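> My structure file work-v5.tsv, TSV, C-alpha atoms, is below:
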```
chain	number	residue	atom	x	y	z
A	1	MET	CA	112.35	62.59	114.63
A	2	SER	CA	112.39	66.05	113.05
A	3	ASP	CA	111.95	66.31	109.30
A	4	ALA	CA	115.47	67.72	109.08
A	5	ALA	CA	117.01	64.53	110.51
A	6	ARG	CA	114.80	61.98	108.75
A	7	PRO	CA	116.50	59.54	106.39
A	8	VAL	CA	116.01	60.51	102.78
A	9	SER	CA	114.75	57.71	100.58
A	10	ALA	CA	115.05	58.66	96.95
A	11	GLN	CA	114.35	56.10	94.28
A	12	SER	CA	115.10	56.69	90.63
A	13	GLN	CA	113.26	55.09	87.78
A	14	ALA	CA	116.25	52.74	87.46
A	15	GLY	CA	115.61	51.50	90.98
A	16	ALA	CA	118.62	52.92	92.84
A	17	VAL	CA	117.81	53.76	96.43
A	18	ASN	CA	119.62	56.17	98.71
A	19	MET	CA	119.00	55.81	102.46
A	20	LYS	CA	121.17	58.34	104.19
A	21	PRO	CA	120.46	60.17	107.42
A	22	LEU	CA	120.83	63.85	106.79
A	23	THR	CA	121.52	66.60	109.21
A	24	VAL	CA	120.61	70.04	107.97
A	25	PRO	CA	121.20	73.32	109.80
A	26	PHE	CA	117.49	73.87	110.53
A	27	ALA	CA	114.18	72.05	110.05
A	28	PRO	CA	113.20	73.10	106.52
A	29	VAL	CA	109.58	73.17	105.42
A	30	LEU	CA	108.76	72.05	101.87
A	31	ASP	CA	106.29	74.33	100.12
A	32	GLU	CA	104.84	74.27	96.60
A	33	ALA	CA	103.02	77.59	96.91
A	34	TRP	CA	104.93	80.75	96.14
A	35	THR	CA	104.39	84.45	96.61
A	36	GLU	CA	105.67	87.53	94.84
A	37	GLN	CA	108.36	87.79	97.51
A	38	ASP	CA	109.41	84.18	96.75
A	39	LEU	CA	109.51	85.00	93.04
A	40	LEU	CA	111.87	87.89	93.76
A	41	ALA	CA	114.14	85.66	95.86
A	42	VAL	CA	114.18	82.89	93.24
A	43	HIS	CA	114.74	85.36	90.41
A	44	GLY	CA	117.58	86.95	92.37
A	45	GLU	CA	119.46	83.65	92.40
A	46	ILE	CA	118.48	82.28	88.99
A	47	SER	CA	119.27	85.55	87.18
A	48	ARG	CA	122.87	85.24	88.44
A	49	SER	CA	123.21	81.55	87.54
A	50	TYR	CA	125.36	80.20	84.73
A	51	TRP	CA	122.33	78.61	83.04
A	52	ALA	CA	119.91	81.57	83.03
A	53	GLU	CA	122.03	84.65	83.65
A	54	GLY	CA	119.99	87.79	83.18
A	55	ILE	CA	116.60	86.07	82.85
A	56	PRO	CA	113.91	88.77	83.03
A	57	LEU	CA	111.62	88.73	86.07
A	58	ASP	CA	108.47	88.31	83.98
A	59	LEU	CA	109.96	85.31	82.18
A	60	MET	CA	110.88	83.71	85.53
A	61	ARG	CA	107.29	84.29	86.69
A	62	ARG	CA	105.92	82.55	83.59
A	63	ALA	CA	108.33	79.65	84.07
A	64	MET	CA	107.24	79.20	87.68
A	65	GLU	CA	103.55	79.44	86.78
A	66	GLY	CA	103.90	76.49	84.40
A	67	SER	CA	105.95	74.29	86.71
A	68	LEU	CA	105.99	72.33	89.94
A	69	ASN	CA	107.93	74.58	92.34
A	70	LEU	CA	109.50	73.08	95.44
A	71	ILE	CA	110.73	75.58	97.99
A	72	ALA	CA	112.74	74.61	101.05
A	73	ARG	CA	111.78	77.27	103.54
A	74	HIS	CA	113.77	78.44	106.52
A	75	PRO	CA	111.72	78.49	109.76
A	76	ASP	CA	111.34	82.26	109.28
A	77	GLY	CA	109.45	81.52	106.01
A	78	SER	CA	112.15	82.70	103.63
A	79	VAL	CA	113.42	80.72	100.64
A	80	ALA	CA	116.55	78.73	101.56
A	81	ALA	CA	116.61	76.42	98.51
A	82	TYR	CA	114.54	75.89	95.39
A	83	ALA	CA	113.90	73.36	92.63
A	84	ARG	CA	111.61	73.58	89.62
A	85	VAL	CA	110.21	70.58	87.76
A	86	ILE	CA	108.61	70.69	84.33
A	87	SER	CA	106.50	67.59	83.84
A	88	ASP	CA	103.41	66.01	82.35
A	89	ARG	CA	103.25	64.17	85.71
A	90	ALA	CA	102.72	60.88	83.90
A	91	THR	CA	105.74	59.93	81.77
A	92	PHE	CA	108.45	62.61	81.85
A	93	ALA	CA	109.98	65.26	84.11
A	94	TYR	CA	112.80	67.76	83.74
A	95	LEU	CA	114.47	69.04	86.91
A	96	CYS	CA	115.88	72.54	86.59
A	97	ASP	CA	116.66	75.80	88.36
A	98	VAL	CA	117.95	74.07	91.48
A	99	PHE	CA	119.80	76.21	93.98
A	100	VAL	CA	120.64	76.51	97.64
A	101	LEU	CA	121.29	80.00	98.95
A	102	PRO	CA	125.02	80.59	99.44
A	103	SER	CA	124.74	80.84	103.24
A	104	TRP	CA	123.25	77.31	103.42
A	105	ARG	CA	125.41	75.49	100.84
A	106	GLY	CA	127.45	72.49	101.90
A	107	GLN	CA	125.18	71.69	104.85
A	108	GLY	CA	122.90	69.00	103.40
A	109	LEU	CA	120.03	71.17	102.25
A	110	GLY	CA	120.55	70.27	98.57
A	111	ASP	CA	120.35	66.56	99.42
A	112	TRP	CA	117.26	67.22	101.56
A	113	LEU	CA	115.54	69.08	98.71
A	114	ILE	CA	116.40	66.59	95.95
A	115	GLY	CA	115.20	63.78	98.23
A	116	ARG	CA	111.85	65.56	98.50
A	117	VAL	CA	111.72	66.12	94.73
A	118	MET	CA	112.30	62.43	94.06
A	119	ALA	CA	109.66	61.39	96.61
A	120	HIS	CA	107.00	63.85	95.37
A	121	ARG	CA	103.71	62.07	94.72
A	122	ALA	CA	103.24	63.72	91.28
A	123	LEU	CA	106.64	62.48	90.09
A	124	GLN	CA	106.30	58.75	90.76
A	125	GLY	CA	106.25	56.13	87.99
A	126	LEU	CA	107.81	58.38	85.35
A	127	ARG	CA	109.51	56.71	82.41
A	128	ARG	CA	112.21	59.40	82.28
A	129	PHE	CA	113.44	62.07	84.68
A	130	ALA	CA	116.11	64.33	83.18
A	131	LEU	CA	118.37	67.18	84.25
A	132	PHE	CA	121.48	69.01	83.17
A	133	THR	CA	124.23	70.16	85.51
A	134	ARG	CA	127.68	71.63	85.19
A	135	ASP	CA	128.96	70.92	88.68
A	136	ALA	CA	126.52	68.96	90.88
A	137	HIS	CA	126.85	65.46	89.43
A	138	ALA	CA	127.67	63.89	92.80
A	139	LEU	CA	124.49	65.29	94.35
A	140	TYR	CA	122.27	63.85	91.64
A	141	LEU	CA	124.11	60.51	91.50
A	142	ARG	CA	123.23	60.05	95.20
A	143	HIS	CA	119.57	60.27	94.21
A	144	GLY	CA	119.65	57.77	91.37
A	145	PHE	CA	120.42	59.95	88.36
A	146	GLN	CA	122.98	58.56	85.92
A	147	PRO	CA	124.81	59.97	82.88
A	148	LEU	CA	122.78	59.69	79.69
A	149	ALA	CA	122.69	56.07	78.56
A	150	ALA	CA	122.70	57.08	74.89
A	151	PRO	CA	123.79	60.70	74.57
A	152	GLU	CA	123.97	60.34	70.79
A	153	ARG	CA	120.15	60.16	70.77
A	154	GLY	CA	119.68	63.53	72.44
A	155	MET	CA	119.45	66.84	70.65
A	156	GLU	CA	119.00	70.37	71.85
A	157	ILE	CA	118.77	73.97	70.79
A	158	VAL	CA	120.97	76.21	72.94
A	159	ARG	CA	120.88	79.99	72.76
A	160	PRO	CA	123.76	81.24	74.95
A	161	GLY	CA	123.37	84.79	76.20
A	162	LEU	CA	119.73	84.95	75.08
A	163	TYR	CA	118.63	86.93	78.12
A	164	GLN	CA	121.42	89.49	77.76
A	165	THR	CA	120.23	90.28	74.21
A	166	GLN	CA	116.61	90.76	75.38
A	167	ARG	CA	117.41	93.70	77.68
```
Translate this file's structure into structure tokens.


Amino acid sequence: MSDAARPVSAQSQAGAVNMKPLTVPFAPVLDEAWTEQDLLAVHGEISRSYWAEGIPLDLMRRAMEGSLNLIARHPDGSVAAYARVISDRATFAYLCDVFVLPSWRGQGLGDWLIGRVMAHRALQGLRRFALFTRDAHALYLRHGFQPLAAPERGMEIVRPGLYQTQR
């Protein structure tokens, strides 16, 4: 069975399991290593996102250097989808900067990638795995994520438009 058609088994810390056969438009290859060309592709998408619009290239490089980067590669080697995880790899992880290139959206690649994130050996046994999303709740629910159990306990500092003011 090709990797593209394998069932995805994603288990959250709460124990929810998703076994769903996926069909994606090509057989993606998961890669943690990235090149300057990959950085440019990732930056091109992230810098147009609602959560990091205008992020400078050097700042994106620093973010990637300090993170677990999971790239879903097209058979030609190009970036088709991306996810970044910030983690101590023992107790906590934060999933961020997830995207699928527009030409591949709606074809199962996001599910494929998040399934690989959740199964990653460095992210097993974590006490907490967090993320924020504006519009992909259904995707993450399929992989065991749930709304915050006690949102009143969370706090954050948000600096909207920060990257636009740094230009």

> Nearest to Thr23 in chain A: which of A:Phe145, A:Trp112, A:Tyr140, A:Tyr163 is it, counting only C-alpha atoms?

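With only C-alpha atoms as the atom set, the closest residue is A:Trp112.
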
> Need to verify the contact set: Gly154 in chain A, 12 Å, all atoms listed in the file, exclusion of same-chain residues closer than 5 positions in sequence. Can you return it as a VMD selection string?

chain A and resid 130 148 to 149

> Looking at only C-alpha atoms, which of A:Glu152, A:Asp76, A:Asp111, A:Glu32 is the one that sits closest to Ala136 in chain A?

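Smallest separation from Ala136 in chain A among the options: A:Asp111.
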
> Which one of A:Leu70, A:Phe26, A:Thr133, A:Glu45 sits closest to Pro102 in chain A if you count all atoms listed in the file?

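Looking only at the distances to Pro102 in chain A, the closest residue turns out to be A:Glu45.
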
> What's the separation between CA of Leu139 in chain A and CA of His120 in chain A, in Å to one decimal place?

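If I compute the distance from CA of Leu139 in chain A to CA of His120 in chain A, I get 17.6 Å.
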
> CA of Tyr50 in chain A and CA of Asp135 in chain A, how far apart in Å?

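If I compute the distance from CA of Asp135 in chain A to CA of Tyr50 in chain A, I get 10.7 Å.
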
> CA of Met60 in chain A and CA of Thr91 in chain A are how many Å apart?

24.6 Å

> Out of A:Thr35, A:Gln164, A:Gln124, A:Ser49, which residue has the shortest atom-to-atom distance to Ala90 in chain A when counting all atoms listed in the file?

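Looking only at the distances to Ala90 in chain A, the closest residue turns out to be A:Gln124.
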
> With a distance cut-off of 12 Å and only C-alpha atoms, select the neighbouring residues of Pro160 in chain A, excluding the residue or stretch itself and same-chain residues fewer than 2 positions from it, and output the selection as a PDB file with C-alpha atoms, in the coordinates of the input.


```pdb
ATOM      1  CA  TYR A  50     125.360  80.200  84.730  1.00  0.00           C
ATOM      2  CA  TRP A  51     122.330  78.610  83.040  1.00  0.00           C
ATOM      3  CA  ALA A  52     119.910  81.570  83.030  1.00  0.00           C
ATOM      4  CA  GLU A  53     122.030  84.650  83.650  1.00  0.00           C
ATOM      5  CA  GLY A  54     119.990  87.790  83.180  1.00  0.00           C
ATOM      6  CA  ILE A  55     116.600  86.070  82.850  1.00  0.00           C
ATOM      7  CA  ILE A 157     118.770  73.970  70.790  1.00  0.00           C
ATOM      8  CA  VAL A 158     120.970  76.210  72.940  1.00  0.00           C
ATOM      9  CA  LEU A 162     119.730  84.950  75.080  1.00  0.00           C
ATOM     10  CA  TYR A 163     118.630  86.930  78.120  1.00  0.00           C
ATOM     11  CA  GLN A 164     121.420  89.490  77.760  1.00  0.00           C
ATOM     12  CA  THR A 165     120.230  90.280  74.210  1.00  0.00           C
ATOM     13  CA  GLN A 166     116.610  90.760  75.380  1.00  0.00           C
TER      14      GLN A 166
END
```
